[in-house]
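Listing of data.csv; format and content: CSV, C-alpha atoms and all ligand atoms.
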chain,number,residue,atom,x,y,z
A,1,MET,CA,58.6,-197.4,-5.2
A,2,THR,CA,59.3,-193.7,-5.5
A,3,LEU,CA,59.0,-191.6,-2.3
A,4,ASP,CA,56.0,-189.8,-3.7
A,5,SER,CA,54.1,-193.0,-4.4
A,6,GLY,CA,54.8,-194.2,-0.9
A,7,LYS,CA,53.3,-191.1,0.6
A,8,VAL,CA,50.3,-191.3,-1.6
A,9,MET,CA,49.7,-194.9,-0.7
A,10,ARG,CA,49.9,-194.2,3.0
A,11,SER,CA,47.6,-191.2,2.8
A,12,HIS,CA,44.8,-193.6,1.9
A,13,LYS,CA,45.3,-195.8,4.9
A,14,THR,CA,42.7,-196.0,7.6
A,15,ILE,CA,43.7,-194.3,10.8
A,16,ARG,CA,43.7,-196.7,13.8
A,17,ILE,CA,43.9,-195.8,17.5
A,18,ALA,CA,45.8,-197.7,20.2
A,19,PRO,CA,44.9,-196.4,23.7
A,20,SER,CA,47.9,-196.5,26.0
A,21,LEU,CA,47.1,-198.2,29.3
A,22,LEU,CA,49.8,-196.0,31.1
A,23,ALA,CA,47.2,-193.3,31.7
A,24,ALA,CA,44.5,-195.8,32.9
A,25,ASP,CA,43.4,-196.4,36.5
A,26,PHE,CA,45.6,-199.3,37.5
A,27,GLY,CA,43.2,-200.3,40.2
A,28,HIS,CA,40.5,-201.0,37.6
A,29,LEU,CA,42.4,-202.2,34.5
A,30,ALA,CA,39.8,-204.7,33.4
A,31,GLU,CA,37.0,-202.1,33.4
A,32,GLU,CA,39.2,-199.5,31.7
A,33,ILE,CA,40.1,-202.0,29.0
A,34,ALA,CA,36.5,-203.0,28.5
A,35,ILE,CA,35.5,-199.4,27.9
A,36,VAL,CA,38.0,-198.8,25.1
A,37,GLU,CA,37.4,-202.2,23.6
A,38,GLN,CA,33.7,-201.6,23.4
A,39,ALA,CA,34.4,-198.1,22.0
A,40,GLY,CA,36.2,-199.6,19.1
A,41,ALA,CA,39.9,-199.3,20.0
A,42,ASP,CA,42.0,-201.0,17.3
A,43,TRP,CA,44.9,-202.1,19.5
A,44,LEU,CA,45.9,-201.8,23.2
A,45,HIS,CA,49.3,-200.2,23.7
A,46,LEU,CA,51.3,-201.5,26.6
A,47,ASP,CA,54.2,-199.3,27.8
A,48,ILE,CA,56.9,-201.5,29.4
A,49,MET,CA,59.6,-199.5,31.3
A,50,ASP,CA,62.7,-200.8,33.1
A,51,GLY,CA,64.0,-197.8,35.0
A,52,HIS,CA,67.2,-198.0,32.9
A,53,PHE,CA,66.4,-197.2,29.3
A,54,VAL,CA,63.9,-194.7,30.6
A,55,PRO,CA,63.9,-193.1,34.0
A,56,ASN,CA,60.6,-194.7,35.1
A,57,LEU,CA,59.0,-198.1,35.9
A,58,SER,CA,55.6,-199.3,34.7
A,59,PHE,CA,54.5,-202.9,34.7
A,60,GLY,CA,55.8,-206.3,33.5
A,61,VAL,CA,55.0,-209.8,32.3
A,62,PRO,CA,52.5,-210.9,35.0
A,63,VAL,CA,50.3,-207.8,34.3
A,64,VAL,CA,50.4,-208.4,30.5
A,65,ARG,CA,49.4,-212.0,31.1
A,66,SER,CA,46.4,-210.9,33.2
A,67,ILE,CA,45.4,-208.2,30.6
A,68,ALA,CA,45.5,-210.9,27.8
A,69,ARG,CA,43.0,-212.9,29.7
A,70,CYS,CA,40.5,-210.1,29.9
A,71,THR,CA,40.5,-208.7,26.4
A,72,GLN,CA,40.4,-209.7,22.7
A,73,LEU,CA,42.3,-206.6,21.7
A,74,PHE,CA,45.6,-207.0,19.9
A,75,LEU,CA,48.3,-206.3,22.5
A,76,ASP,CA,51.0,-203.9,21.3
A,77,ALA,CA,54.0,-204.1,23.6
A,78,HIS,CA,56.3,-201.1,23.5
A,79,LEU,CA,59.5,-202.2,25.2
A,80,MET,CA,61.3,-199.2,26.7
A,81,ILE,CA,63.9,-201.6,28.1
A,82,GLU,CA,67.6,-202.4,27.7
A,83,ASP,CA,68.4,-205.8,26.2
A,84,PRO,CA,64.9,-206.3,24.7
A,85,LEU,CA,65.6,-209.9,23.5
A,86,ARG,CA,66.1,-211.0,27.1
A,87,TYR,CA,62.5,-210.3,27.9
A,88,ALA,CA,60.7,-210.5,24.5
A,89,PRO,CA,60.0,-214.3,24.9
A,90,ALA,CA,58.3,-213.8,28.2
A,91,PHE,CA,56.1,-210.9,26.8
A,92,ALA,CA,55.2,-213.0,23.7
A,93,ASP,CA,54.3,-215.9,26.0
A,94,ALA,CA,52.2,-213.6,28.1
A,95,GLY,CA,50.1,-212.6,25.1
A,96,ALA,CA,51.8,-209.6,23.3
A,97,LYS,CA,51.1,-209.8,19.6
A,98,ASN,CA,53.4,-207.0,18.5
A,99,ILE,CA,56.8,-206.4,20.2
A,100,THR,CA,58.5,-203.1,19.6
A,101,PHE,CA,62.1,-202.6,20.6
A,102,HIS,CA,64.1,-199.3,20.6
A,103,ILE,CA,66.8,-198.9,18.0
A,104,GLU,CA,68.9,-197.1,20.6
A,105,THR,CA,69.3,-200.4,22.6
A,106,THR,CA,71.3,-202.3,19.9
A,107,ASP,CA,74.2,-201.9,17.5
A,108,ASN,CA,73.0,-204.9,15.6
A,109,PRO,CA,69.3,-204.7,14.9
A,110,ARG,CA,69.0,-207.3,12.1
A,111,PRO,CA,69.4,-210.5,14.3
A,112,LEU,CA,67.2,-208.8,16.9
A,113,VAL,CA,64.4,-208.5,14.4
A,114,ARG,CA,64.8,-212.1,13.3
A,115,ASN,CA,64.9,-213.4,16.8
A,116,ILE,CA,61.8,-211.5,18.0
A,117,ARG,CA,59.9,-212.7,14.8
A,118,LYS,CA,60.8,-216.3,15.7
A,119,LEU,CA,58.6,-215.8,18.8
A,120,GLY,CA,55.6,-215.7,16.5
A,121,VAL,CA,54.8,-212.0,17.0
A,122,GLN,CA,54.9,-208.9,14.8
A,123,VAL,CA,58.1,-206.9,15.2
A,124,GLY,CA,58.3,-203.1,15.6
A,125,VAL,CA,61.2,-200.7,16.0
A,126,SER,CA,61.0,-197.4,17.8
A,127,LEU,CA,63.0,-194.2,17.6
A,128,ASN,CA,63.5,-191.6,20.3
A,129,PRO,CA,63.0,-187.9,19.3
A,130,GLY,CA,66.8,-187.4,19.2
A,131,THR,CA,67.4,-190.4,16.9
A,132,PRO,CA,67.7,-189.7,13.2
A,133,ALA,CA,65.3,-191.6,10.8
A,134,ASP,CA,68.2,-193.3,9.0
A,135,ALA,CA,69.2,-195.1,12.1
A,136,ILE,CA,66.6,-197.8,11.1
A,137,SER,CA,67.6,-197.9,7.4
A,138,ASP,CA,69.1,-201.5,7.7
A,139,ILE,CA,65.8,-203.0,9.0
A,140,ILE,CA,63.1,-200.7,7.7
A,141,THR,CA,61.9,-203.3,5.1
A,142,ASP,CA,62.1,-206.1,7.7
A,143,VAL,CA,59.8,-204.8,10.4
A,144,ASP,CA,56.1,-204.8,10.6
A,145,LEU,CA,55.9,-201.5,12.4
A,146,VAL,CA,57.9,-198.3,13.0
A,147,LEU,CA,57.0,-196.4,16.1
A,148,VAL,CA,58.1,-192.7,16.0
A,149,MET,CA,58.2,-191.2,19.5
A,150,THR,CA,56.9,-187.6,19.6
A,151,VAL,CA,57.9,-187.2,23.2
A,152,TRP,CA,60.9,-188.5,25.1
A,153,PRO,CA,59.8,-191.9,26.4
A,154,GLY,CA,59.2,-192.6,30.0
A,155,PHE,CA,56.2,-190.6,31.0
A,156,GLY,CA,52.7,-189.9,29.8
A,157,GLY,CA,51.1,-186.5,29.5
A,158,GLN,CA,54.0,-184.7,27.8
A,159,ARG,CA,53.7,-182.1,25.1
A,160,PHE,CA,53.9,-183.2,21.5
A,161,MET,CA,57.2,-182.4,19.8
A,162,HIS,CA,56.5,-180.8,16.4
A,163,GLU,CA,60.1,-181.2,15.3
A,164,CYS,CA,59.5,-185.0,15.0
A,165,VAL,CA,56.9,-184.5,12.2
A,166,GLU,CA,59.5,-184.4,9.4
A,167,LYS,CA,60.8,-187.8,10.6
A,168,ILE,CA,57.3,-189.3,10.3
A,169,GLU,CA,57.2,-188.0,6.7
A,170,TRP,CA,60.6,-189.4,5.9
A,171,ILE,CA,59.7,-192.9,7.2
A,172,ALA,CA,56.2,-192.8,5.7
A,173,ALA,CA,57.8,-192.3,2.3
A,174,ARG,CA,59.8,-195.5,2.7
A,175,LEU,CA,57.3,-197.9,4.2
A,176,GLY,CA,55.2,-200.4,2.2
A,177,ALA,CA,51.4,-200.5,2.4
A,178,HIS,CA,51.5,-203.6,4.6
A,179,GLN,CA,53.7,-201.9,7.3
A,180,THR,CA,52.3,-199.8,10.2
A,181,LEU,CA,53.6,-196.3,11.0
A,182,GLU,CA,52.7,-195.7,14.7
A,183,VAL,CA,53.2,-192.4,16.5
A,184,ASP,CA,53.4,-192.1,20.3
A,185,GLY,CA,53.4,-189.1,22.7
A,186,GLY,CA,51.3,-186.1,23.1
A,187,ILE,CA,48.6,-187.3,20.7
A,188,ASN,CA,45.3,-185.4,21.1
A,189,ARG,CA,42.6,-183.9,18.9
A,190,ASP,CA,45.0,-181.1,17.8
A,191,THR,CA,48.0,-183.2,17.0
A,192,ALA,CA,46.3,-186.3,15.6
A,193,PRO,CA,45.5,-184.6,12.2
A,194,ILE,CA,49.1,-183.4,12.0
A,195,VAL,CA,50.6,-186.9,12.3
A,196,ALA,CA,47.9,-188.5,10.1
A,197,ALA,CA,48.7,-185.9,7.4
A,198,ALA,CA,52.4,-186.8,7.8
A,199,GLY,CA,51.6,-190.5,7.1
A,200,ALA,CA,51.0,-192.1,10.5
A,201,ASP,CA,48.3,-194.7,10.5
A,202,MET,CA,48.4,-196.0,14.2
A,203,LEU,CA,48.0,-193.3,16.8
A,204,VAL,CA,48.9,-194.1,20.4
A,205,ALA,CA,47.0,-192.0,23.0
A,206,GLY,CA,47.2,-192.3,26.7
A,207,SER,CA,46.1,-189.1,28.5
A,208,ALA,CA,43.8,-188.1,25.6
A,209,VAL,CA,41.7,-191.3,26.1
A,210,PHE,CA,42.1,-192.5,29.7
A,211,GLY,CA,42.6,-189.0,31.2
A,212,SER,CA,39.1,-188.1,29.9
A,213,ASP,CA,36.0,-188.5,32.0
A,214,ASP,CA,34.5,-190.3,29.1
A,215,PRO,CA,37.2,-192.5,27.4
A,216,ALA,CA,34.8,-193.9,24.9
A,217,ALA,CA,33.8,-190.4,23.6
A,218,ALA,CA,37.4,-189.3,23.7
A,219,LEU,CA,38.4,-192.2,21.5
A,220,GLY,CA,35.7,-191.4,19.0
A,221,ALA,CA,36.7,-187.7,19.0
A,222,LEU,CA,40.3,-188.6,18.4
A,223,ARG,CA,39.4,-190.9,15.5
A,224,SER,CA,37.3,-188.2,13.9
A,225,ALA,CA,39.9,-185.5,14.3
A,226,ALA,CA,42.6,-187.8,12.8
A,227,SER,CA,40.5,-188.7,9.8
A,228,GLY,CA,39.4,-185.1,9.3
A,229,SER,CA,35.7,-186.0,9.6
A,230,SER,CA,32.8,-185.1,11.8
A,231,PRO,CA,32.0,-187.7,14.5
A,232,ALA,CA,28.8,-188.7,12.7
A,233,ALA,CA,30.6,-189.2,9.4
A,234,ALA,CA,33.2,-191.4,11.2
A,235,ASP,CA,30.6,-193.5,12.9
A,236,THR,CA,29.0,-194.4,9.6
A,237,ASN,CA,32.3,-194.8,7.7
A,238,VAL,CA,31.2,-192.2,5.2
B,1,LIG,C1,55.6,-192.7,26.8
B,1,LIG,C2,54.8,-193.8,26.3
B,1,LIG,C3,53.5,-193.4,25.7
B,1,LIG,C4,52.6,-192.7,26.7
B,1,LIG,C5,51.8,-191.7,25.9
B,1,LIG,O1,56.9,-193.2,27.2
B,1,LIG,O2,55.5,-194.6,25.3
B,1,LIG,O3,52.8,-194.5,25.1
B,1,LIG,O4,51.7,-193.5,27.4
B,1,LIG,O5,51.1,-190.9,26.7
B,1,LIG,P1,50.4,-189.6,26.2
B,1,LIG,O6,49.4,-190.0,25.2
B,1,LIG,O7,49.7,-189.1,27.5
B,1,LIG,O8,51.4,-188.7,25.7
B,2,ZN,ZN,54.4,-196.2,24.2
Can you give me the file's structure in the form of structure tokens?
Amino acid sequence: MTLDSGKVMRSHKTIRIAPSLLAADFGHLAEEIAIVEQAGADWLHLDIMDGHFVPNLSFGVPVVRSIARCTQLFLDAHLMIEDPLRYAPAFADAGAKNITFHIETTDNPRPLVRNIRKLGVQVGVSLNPGTPADAISDIITDVDLVLVMTVWPGFGGQRFMHECVEKIEWIAARLGAHQTLEVDGGINRDTAPIVAAAGADMLVAGSAVFGSDDPAAALGALRSAASGSSPAAADTNV
């Protein structure tokens, strides 16, 4: 596959949206999830933070287990934790269907990918803004998903880092049609078209969806912006 053909292939992919629960009201998780599920969210993005790999804590296995009981949505676990293999089995058992680890947490990613896959889940690898794209060269063909961070992980509501767009393009040119290129951080109606044009096909959005008074409408607006269509055209798949 030439780099150009890879880019052309990806430009035809449908853009999917994964709302990030980090920006939801944690006192009403079931209701918040139901709203985005009914509004047509493709995946639900779960940000797991350990206070070591990132300077923040979020939620853990028991919460993921409860979430899995109240939704049919595909659960996309973004592990911002050191030693991801130590906890991956528990997240898989709790209902995560994709488990993404950070490349910065390991010197030996190949066995890590194999061992996470053995849990019966999809495997993703993520890169911090400061990590060069070729850090994942050894495993880029082995993973189901690459997650490019467009903010420094740890907090929602940060500003999109435009300097990461080139990395999205580099990775897009090297992924096969069956692989997902996910982008996370500062995604809104202005930045969604930029990452979609660069080759991303799964857009994570926290504040832009759950920070809105009307998360269902915000999800639709984001999808329309990403696919470069009017809301009416997006609704009818024209
Ligand atoms: C950041 C998380 C993101 C976060 C995105 O560490 O990985 O998923 O929730 O939030 P927004 O969309 O508000 O930038
Ligand atoms: Zn995330």
Each residue of chain A with at least one atom at most 6 Å from ligand LIG 1 (chain B) should appear once, together with its nearest atom pair and the corresponding distance in Å (one decimal); atoms considered: all atoms listed in the file; ordering: chain, then increasing residue number; output as a Markdown table.
| residue | atom | partner | partner_atom | distance |
| --- | --- | --- | --- | --- |
| A:Ser20 | CA | B:LIG1 | O4 | 5.0 |
| A:Leu22 | CA | B:LIG1 | O4 | 4.9 |
| A:Asp47 | CA | B:LIG1 | O2 | 5.5 |
| A:Pro153 | CA | B:LIG1 | O1 | 3.3 |
| A:Gly154 | CA | B:LIG1 | O1 | 3.7 |
| A:Phe155 | CA | B:LIG1 | O1 | 4.7 |
| A:Gly156 | CA | B:LIG1 | O5 | 3.6 |
| A:Gly157 | CA | B:LIG1 | O7 | 3.6 |
| A:Gln158 | CA | B:LIG1 | O8 | 5.2 |
| A:Asp184 | CA | B:LIG1 | O3 | 5.4 |
| A:Gly185 | CA | B:LIG1 | O8 | 3.6 |
| A:Gly186 | CA | B:LIG1 | O8 | 3.7 |
| A:Ile187 | CA | B:LIG1 | O6 | 5.3 |
| A:Ala205 | CA | B:LIG1 | O6 | 3.8 |
| A:Gly206 | CA | B:LIG1 | O6 | 3.5 |
| A:Ser207 | CA | B:LIG1 | O7 | 3.7 |
| A:Ala208 | CA | B:LIG1 | O6 | 5.9 |
Which chains and residue numbers are within 12 Å of ligand ZN 2 (chain B), counting all atoms listed in the file, if I want them as an MDAnalysis selection string? chainID A and resid 18:23 44:49 54 58 75:81 99:102 124:128 146:157 182:187 202:207
Of the residues A:Ile140, A:Val113, A:Leu85, A:Val36, which is the one nearest to Ser212 (chain A), using all atoms listed in the file?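 Using all atoms listed in the file, the shortest distance to Ser212 (chain A) belongs to A:Val36.
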Interatomic distance between CA of Gly176 (chain A) and CA of Pro129 (chain A)?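 Computing the Euclidean distance for CA of Gly176 (chain A) and CA of Pro129 (chain A) yields 22.6 Å.
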12 Å contact set for Arg189 (chain A), only C-alpha atoms, chain neighbours under 6 positions out, as a list in words: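 Listing them by chain and then by number gives Phe160, Val195, Ala196, Leu203, Ala205, Ser207, Ala208, Val209, Ala217, Ala218, Leu219, Gly220, Ala221, Leu222, Arg223, Ser224, Ala225, Ala226, Ser227, Gly228 and Ser229 of chain A.
The list of residues with at least one atom within 8 Å of Asp42 (chain A), based on all atoms listed in the file and without residues fewer than 4 positions apart in the same chain, reads A:Arg16, A:Ile17, A:Ala18, A:Glu37, A:Leu73, A:Phe74.
The space between CA of Ala216 (chain A) and CA of Ile33 (chain A) spans 10.5 Å.
Our summary of the geometry notes that CA of Ala24 (chain A) is positioned 12.6 Å from CA of Ile67 (chain A).
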Point out the residue among A:Asp201, A:His162, A:Gln122, A:Pro111 with the least atom-to-atom distance to Leu181 (chain A), counting all atoms listed in the file.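 Looking at the shortest contact to Leu181 (chain A), the residue is A:Asp201.
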Spatial neighbours of Val64 (chain A), 9 Å, only C-alpha atoms, chain gap at least 4 places, as a ChimeraX atom specification: /A:46,59-60,68-69,75,77,91,94-96
Keeping only C-alpha atoms, take the residues you just selected and write them out as a compact mmCIF listing (two decimals), in the coordinates of the input.
# COMPACT_ATOMS: atom_id res chain seq x y z
CA LEU A 46 51.30 -201.50 26.60
CA PHE A 59 54.50 -202.90 34.70
CA GLY A 60 55.80 -206.30 33.50
CA ALA A 68 45.50 -210.90 27.80
CA ARG A 69 43.00 -212.90 29.70
CA LEU A 75 48.30 -206.30 22.50
CA ALA A 77 54.00 -204.10 23.60
CA PHE A 91 56.10 -210.90 26.80
CA ALA A 94 52.20 -213.60 28.10
CA GLY A 95 50.10 -212.60 25.10
CA ALA A 96 51.80 -209.60 23.30
Can you tell me which residues surround Glu82 (chain A) at a distance of at most 7 Å, considering only C-alpha atoms, apart from same-chain residues fewer than 5 positions away, and format the answer as a PyMOL selection string? chain A and resi 52-53+105
Write out the residues from the selection above, keeping C-alpha atoms, as an mmCIF file, keeping the file's coordinate frame.
data_model
loop_
_atom_site.group_PDB
_atom_site.id
_atom_site.type_symbol
_atom_site.label_atom_id
_atom_site.label_comp_id
_atom_site.auth_asym_id
_atom_site.auth_seq_id
_atom_site.Cartn_x
_atom_site.Cartn_y
_atom_site.Cartn_z
ATOM 1 C CA HIS A 52 67.200 -198.000 32.900
ATOM 2 C CA PHE A 53 66.400 -197.200 29.300
ATOM 3 C CA THR A 105 69.300 -200.400 22.600
#
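Candidate residues A:Gly130, A:Leu112, A:Asp107, A:Val165 were compared for distance to Arg86 (chain A), and the nearest is A:Leu112, using only C-alpha atoms.
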